Amino acid sequence: MFDELRPHLVELRKRLGISVGTLIVMFFVMFYFHEPLLEWIVEPLNVALLEVGKKSLHAADGMVTTNQVGGAFFVALKVAFFAAILASLPIILGQIWLFIAPGLYENEKKMVIPFVVGGTVMFLVGVLFAYYVVTPFGFDFLITFGSFKFTPLINIEDYVGFFTKIMFGFGIAFELPVFAYFLALLGMVDDRQMTDFFKYAIVLIFIVAAFLTPPDVLTQLLMAIPLIMLYGISILIVRMVNPAEPLEEEQTEDEVALSIEKKSE
């Protein structure tokens, strides 16, 4: 049994090696540009802190602080690692596809480019949606709430971890149509199965949103609602790729009556 698994383990090690190597190279590249990247990451927070100054006339403006020795250095490392994952995503997705490709048919192997491009684009769309739509509302609510009594002093280490969690959460969530497409392409799911699972999917979506977002209702809704819409889009995609076989039409009343008459004869 181990002899049968050995080639797969060797192939897995090769794909992991390439992915990790790419990630390390991109990490050093992104670390060089960590200052503009950090400015981009902190921009939504600065906007929210400016709103605090406007709304809280009797309170001091909030500020971004650090309470650790070398805190700025560790923040730069986190920012570089976050950016490196985004930059390495096409290579990582390509290695995932190359690992599973030997078990696919020839026509399925040709989908490597749509898989890599689609997966990368949807992840970036999720990140941009989180950055330009979710964070302005979420940070404005979380930071300005109670600011008339308290001065917000935001720890940069906590903020970067908070920010990357939201970005990755939305990036992964927006991969749903891509994975649904390829599962349908492989014949593992059809539109009827996804439709029947919809009521359970709503519950799972809200659970996932609760884990991937901060503990406030607004941010959870801002993730759950797009996810529900993406699930609906995924159903339409699966319907085009792998539609379920039509159910046999139920017998009409006349046909039932006719069958009963035949049996009575």
# chains A, B, ... in the order shown; residues from 1 in each chain; ligands from 1
$ select_by_dssp --residues "range 41-228 of chain A" --states "strand (DSSP E or B)" --output "MDAnalysis selection string"
chainID A and resid 63:65 153:155
$ residues_around --residues "range 62-73 of chain A" --least-positions-apart "2" --cutoff "6 Å" --atoms "only C-alpha atoms" --output "list in words"
Leu49, Val75, Ala76, Thr151, Pro152, Leu153, Ile154, Asn155 and Ile156 of chain A
$ residues_around --residues "Phe123 in chain A" --least-positions-apart "2" --cutoff "7 Å" --atoms "only C-alpha atoms" --output "ChimeraX atom specification"
/A:119-121,125-127,171-172,174-175
$ closest_residue --among "A:Phe28, A:Phe197, A:Phe74, A:Phe162" --to "Leu45 in chain A" --atoms "only C-alpha atoms"
A:Phe162
$ residues_around --residues "Gly187 in chain A" --least-positions-apart "4" --cutoff "10 Å" --atoms "only C-alpha atoms" --output "MDAnalysis selection string"
chainID A and resid 181:183 238 241:243
$ write_last_selection --atoms "N, CA and C atoms" --output "mmCIF file, in the first residue's frame"
data_model
loop_
_atom_site.group_PDB
_atom_site.id
_atom_site.type_symbol
_atom_site.label_atom_id
_atom_site.label_comp_id
_atom_site.auth_asym_id
_atom_site.auth_seq_id
_atom_site.Cartn_x
_atom_site.Cartn_y
_atom_site.Cartn_z
ATOM 1 N N TYR A 181 -18.008 25.343 -10.027
ATOM 2 C CA TYR A 181 -17.846 25.081 -11.461
ATOM 3 C C TYR A 181 -17.033 23.810 -11.704
ATOM 4 N N PHE A 182 -15.922 23.675 -11.000
ATOM 5 C CA PHE A 182 -15.059 22.522 -11.246
ATOM 6 C C PHE A 182 -15.604 21.249 -10.624
ATOM 7 N N LEU A 183 -16.347 21.355 -9.534
ATOM 8 C CA LEU A 183 -17.023 20.168 -9.005
ATOM 9 C C LEU A 183 -18.093 19.684 -9.978
ATOM 10 N N VAL A 238 -23.539 25.768 -12.162
ATOM 11 C CA VAL A 238 -23.615 24.311 -12.157
ATOM 12 C C VAL A 238 -24.706 23.826 -13.105
ATOM 13 N N VAL A 241 -23.236 23.744 -16.496
ATOM 14 C CA VAL A 241 -22.138 22.788 -16.684
ATOM 15 C C VAL A 241 -22.614 21.351 -16.525
ATOM 16 N N ASN A 242 -23.373 21.081 -15.463
ATOM 17 C CA ASN A 242 -23.799 19.716 -15.165
ATOM 18 C C ASN A 242 -25.240 19.709 -14.667
ATOM 19 N N PRO A 243 -26.190 19.954 -15.564
ATOM 20 C CA PRO A 243 -27.602 19.992 -15.121
ATOM 21 C C PRO A 243 -28.082 18.620 -14.676
#
$ closest_residue --among "A:Arg15, A:Lys109, A:His8, A:Lys199" --to "Gly232 in chain A" --atoms "only C-alpha atoms"
A:Lys199
$ residues_around --residues "Phe163 in chain A" --least-positions-apart "3" --cutoff "9 Å" --atoms "only C-alpha atoms" --output "list in words"
Ile41, Val42, Tyr131, Thr135, Asp158, Tyr159, Val160, Ile166, Met167 and Phe168 of chain A
$ residues_around --residues "Ile100 in chain A" --least-positions-apart "3" --cutoff "12 Å" --atoms "only C-alpha atoms" --output "VMD selection string"
chain A and resid 8 11 to 12 15 93 to 97 103 to 105 108 to 109 111 to 112 186
$ write_last_selection --atoms "C-alpha atoms" --output "CSV table (one decimal), in the first residue's frame"
chain,number,residue,atom,x,y,z
A,8,HIS,CA,1.8,10.6,-5.0
A,11,GLU,CA,4.6,14.5,-6.4
A,12,LEU,CA,3.0,16.2,-3.4
A,15,ARG,CA,4.3,20.8,-5.6
A,93,LEU,CA,-3.3,27.3,-7.6
A,94,GLY,CA,-1.3,26.0,-10.6
A,95,GLN,CA,0.6,23.5,-8.4
A,96,ILE,CA,-2.7,22.3,-6.8
A,97,TRP,CA,-4.1,21.7,-10.3
A,103,GLY,CA,-6.3,11.7,-12.2
A,104,LEU,CA,-8.3,13.7,-14.8
A,105,TYR,CA,-9.4,13.1,-18.4
A,108,GLU,CA,-10.5,18.1,-18.0
A,109,LYS,CA,-6.7,18.8,-17.9
A,111,MET,CA,-9.1,23.6,-17.6
A,112,VAL,CA,-5.9,24.5,-15.8
A,186,LEU,CA,-16.0,16.6,-12.6
$ select_by_dssp --residues "range 52-262 of chain A" --states "alpha helix (DSSP H)" --output "PyMOL selection string"
chain A and resi 52-55+71-100+106-109+112-129+135-144+156-173+176-185+191-196+198-212+217-241+253-262
$ decode --residues "range 174-186 of chain A" --atoms "all heavy atoms" --output "PDB file, in the first residue's frame"
ATOM      1  N   PHE A 174     -15.181  34.124  -1.769  1.00  0.00           N
ATOM      2  CA  PHE A 174     -15.502  34.423  -3.167  1.00  0.00           C
ATOM      3  C   PHE A 174     -15.004  33.351  -4.143  1.00  0.00           C
ATOM      4  O   PHE A 174     -15.230  33.449  -5.348  1.00  0.00           O
ATOM      5  CB  PHE A 174     -14.928  35.789  -3.558  1.00  0.00           C
ATOM      6  CG  PHE A 174     -15.864  36.932  -3.253  1.00  0.00           C
ATOM      7  CD1 PHE A 174     -16.224  37.213  -1.945  1.00  0.00           C
ATOM      8  CD2 PHE A 174     -16.367  37.725  -4.264  1.00  0.00           C
ATOM      9  CE1 PHE A 174     -17.089  38.257  -1.648  1.00  0.00           C
ATOM     10  CE2 PHE A 174     -17.236  38.765  -3.980  1.00  0.00           C
ATOM     11  CZ  PHE A 174     -17.593  39.035  -2.674  1.00  0.00           C
ATOM     12  N   GLU A 175     -14.336  32.320  -3.618  1.00  0.00           N
ATOM     13  CA  GLU A 175     -13.929  31.201  -4.469  1.00  0.00           C
ATOM     14  C   GLU A 175     -15.071  30.216  -4.708  1.00  0.00           C
ATOM     15  O   GLU A 175     -14.925  29.284  -5.503  1.00  0.00           O
ATOM     16  CB  GLU A 175     -12.764  30.437  -3.814  1.00  0.00           C
ATOM     17  CG  GLU A 175     -11.485  31.233  -3.662  1.00  0.00           C
ATOM     18  CD  GLU A 175     -10.738  31.418  -4.961  1.00  0.00           C
ATOM     19  OE1 GLU A 175     -11.167  30.852  -5.982  1.00  0.00           O
ATOM     20  OE2 GLU A 175      -9.722  32.129  -4.958  1.00  0.00           O
ATOM     21  N   LEU A 176     -16.186  30.414  -4.031  1.00  0.00           N
ATOM     22  CA  LEU A 176     -17.298  29.462  -4.110  1.00  0.00           C
ATOM     23  C   LEU A 176     -17.736  29.164  -5.548  1.00  0.00           C
ATOM     24  O   LEU A 176     -17.870  27.991  -5.915  1.00  0.00           O
ATOM     25  CB  LEU A 176     -18.474  29.962  -3.271  1.00  0.00           C
ATOM     26  CG  LEU A 176     -19.734  29.098  -3.271  1.00  0.00           C
ATOM     27  CD1 LEU A 176     -19.433  27.694  -2.749  1.00  0.00           C
ATOM     28  CD2 LEU A 176     -20.834  29.746  -2.436  1.00  0.00           C
ATOM     29  N   PRO A 177     -17.987  30.171  -6.410  1.00  0.00           N
ATOM     30  CA  PRO A 177     -18.398  29.845  -7.790  1.00  0.00           C
ATOM     31  C   PRO A 177     -17.351  29.053  -8.558  1.00  0.00           C
ATOM     32  O   PRO A 177     -17.693  28.199  -9.376  1.00  0.00           O
ATOM     33  CB  PRO A 177     -18.638  31.227  -8.422  1.00  0.00           C
ATOM     34  CG  PRO A 177     -18.880  32.143  -7.275  1.00  0.00           C
ATOM     35  CD  PRO A 177     -18.024  31.627  -6.170  1.00  0.00           C
ATOM     36  N   VAL A 178     -16.071  29.334  -8.296  1.00  0.00           N
ATOM     37  CA  VAL A 178     -14.993  28.621  -9.000  1.00  0.00           C
ATOM     38  C   VAL A 178     -15.003  27.147  -8.620  1.00  0.00           C
ATOM     39  O   VAL A 178     -14.953  26.258  -9.481  1.00  0.00           O
ATOM     40  CB  VAL A 178     -13.629  29.259  -8.675  1.00  0.00           C
ATOM     41  CG1 VAL A 178     -12.501  28.465  -9.349  1.00  0.00           C
ATOM     42  CG2 VAL A 178     -13.597  30.711  -9.126  1.00  0.00           C
ATOM     43  N   PHE A 179     -15.076  26.863  -7.313  1.00  0.00           N
ATOM     44  CA  PHE A 179     -15.083  25.474  -6.872  1.00  0.00           C
ATOM     45  C   PHE A 179     -16.362  24.758  -7.312  1.00  0.00           C
ATOM     46  O   PHE A 179     -16.325  23.576  -7.668  1.00  0.00           O
ATOM     47  CB  PHE A 179     -14.919  25.403  -5.352  1.00  0.00           C
ATOM     48  CG  PHE A 179     -13.515  25.662  -4.888  1.00  0.00           C
ATOM     49  CD1 PHE A 179     -13.191  26.826  -4.220  1.00  0.00           C
ATOM     50  CD2 PHE A 179     -12.518  24.746  -5.143  1.00  0.00           C
ATOM     51  CE1 PHE A 179     -11.894  27.071  -3.794  1.00  0.00           C
ATOM     52  CE2 PHE A 179     -11.206  24.973  -4.733  1.00  0.00           C
ATOM     53  CZ  PHE A 179     -10.895  26.145  -4.061  1.00  0.00           C
ATOM     54  N   ALA A 180     -17.484  25.467  -7.295  1.00  0.00           N
ATOM     55  CA  ALA A 180     -18.734  24.862  -7.756  1.00  0.00           C
ATOM     56  C   ALA A 180     -18.626  24.484  -9.234  1.00  0.00           C
ATOM     57  O   ALA A 180     -19.097  23.411  -9.653  1.00  0.00           O
ATOM     58  CB  ALA A 180     -19.893  25.832  -7.531  1.00  0.00           C
ATOM     59  N   TYR A 181     -18.008  25.343 -10.027  1.00  0.00           N
ATOM     60  CA  TYR A 181     -17.846  25.081 -11.461  1.00  0.00           C
ATOM     61  C   TYR A 181     -17.033  23.810 -11.704  1.00  0.00           C
ATOM     62  O   TYR A 181     -17.417  22.952 -12.511  1.00  0.00           O
ATOM     63  CB  TYR A 181     -17.172  26.283 -12.122  1.00  0.00           C
ATOM     64  CG  TYR A 181     -16.775  26.037 -13.552  1.00  0.00           C
ATOM     65  CD1 TYR A 181     -17.724  26.048 -14.579  1.00  0.00           C
ATOM     66  CD2 TYR A 181     -15.440  25.790 -13.891  1.00  0.00           C
ATOM     67  CE1 TYR A 181     -17.354  25.825 -15.892  1.00  0.00           C
ATOM     68  CE2 TYR A 181     -15.069  25.564 -15.202  1.00  0.00           C
ATOM     69  CZ  TYR A 181     -16.029  25.579 -16.198  1.00  0.00           C
ATOM     70  OH  TYR A 181     -15.668  25.347 -17.502  1.00  0.00           O
ATOM     71  N   PHE A 182     -15.922  23.675 -11.000  1.00  0.00           N
ATOM     72  CA  PHE A 182     -15.059  22.522 -11.246  1.00  0.00           C
ATOM     73  C   PHE A 182     -15.604  21.249 -10.624  1.00  0.00           C
ATOM     74  O   PHE A 182     -15.384  20.158 -11.146  1.00  0.00           O
ATOM     75  CB  PHE A 182     -13.643  22.822 -10.757  1.00  0.00           C
ATOM     76  CG  PHE A 182     -12.907  23.741 -11.680  1.00  0.00           C
ATOM     77  CD1 PHE A 182     -12.832  25.089 -11.409  1.00  0.00           C
ATOM     78  CD2 PHE A 182     -12.349  23.265 -12.847  1.00  0.00           C
ATOM     79  CE1 PHE A 182     -12.180  25.954 -12.279  1.00  0.00           C
ATOM     80  CE2 PHE A 182     -11.697  24.115 -13.725  1.00  0.00           C
ATOM     81  CZ  PHE A 182     -11.612  25.459 -13.442  1.00  0.00           C
ATOM     82  N   LEU A 183     -16.347  21.355  -9.534  1.00  0.00           N
ATOM     83  CA  LEU A 183     -17.023  20.168  -9.005  1.00  0.00           C
ATOM     84  C   LEU A 183     -18.093  19.684  -9.978  1.00  0.00           C
ATOM     85  O   LEU A 183     -18.273  18.483 -10.173  1.00  0.00           O
ATOM     86  CB  LEU A 183     -17.645  20.480  -7.640  1.00  0.00           C
ATOM     87  CG  LEU A 183     -16.673  20.643  -6.472  1.00  0.00           C
ATOM     88  CD1 LEU A 183     -17.431  21.044  -5.215  1.00  0.00           C
ATOM     89  CD2 LEU A 183     -15.885  19.357  -6.227  1.00  0.00           C
ATOM     90  N   ALA A 184     -18.789  20.636 -10.595  1.00  0.00           N
ATOM     91  CA  ALA A 184     -19.790  20.270 -11.602  1.00  0.00           C
ATOM     92  C   ALA A 184     -19.118  19.685 -12.838  1.00  0.00           C
ATOM     93  O   ALA A 184     -19.617  18.732 -13.445  1.00  0.00           O
ATOM     94  CB  ALA A 184     -20.617  21.494 -11.978  1.00  0.00           C
ATOM     95  N   LEU A 185     -17.977  20.238 -13.207  1.00  0.00           N
ATOM     96  CA  LEU A 185     -17.242  19.742 -14.368  1.00  0.00           C
ATOM     97  C   LEU A 185     -16.797  18.298 -14.160  1.00  0.00           C
ATOM     98  O   LEU A 185     -16.793  17.493 -15.094  1.00  0.00           O
ATOM     99  CB  LEU A 185     -16.021  20.635 -14.629  1.00  0.00           C
ATOM    100  CG  LEU A 185     -15.250  20.395 -15.917  1.00  0.00           C
ATOM    101  CD1 LEU A 185     -16.086  20.786 -17.128  1.00  0.00           C
ATOM    102  CD2 LEU A 185     -13.946  21.176 -15.899  1.00  0.00           C
ATOM    103  N   LEU A 186     -16.455  17.963 -12.928  1.00  0.00           N
ATOM    104  CA  LEU A 186     -16.037  16.598 -12.606  1.00  0.00           C
ATOM    105  C   LEU A 186     -17.218  15.676 -12.333  1.00  0.00           C
ATOM    106  O   LEU A 186     -17.035  14.495 -12.038  1.00  0.00           O
ATOM    107  CB  LEU A 186     -15.109  16.616 -11.382  1.00  0.00           C
ATOM    108  CG  LEU A 186     -13.798  17.384 -11.552  1.00  0.00           C
ATOM    109  CD1 LEU A 186     -13.039  17.442 -10.227  1.00  0.00           C
ATOM    110  CD2 LEU A 186     -12.923  16.752 -12.635  1.00  0.00           C
TER     111      LEU A 186
END
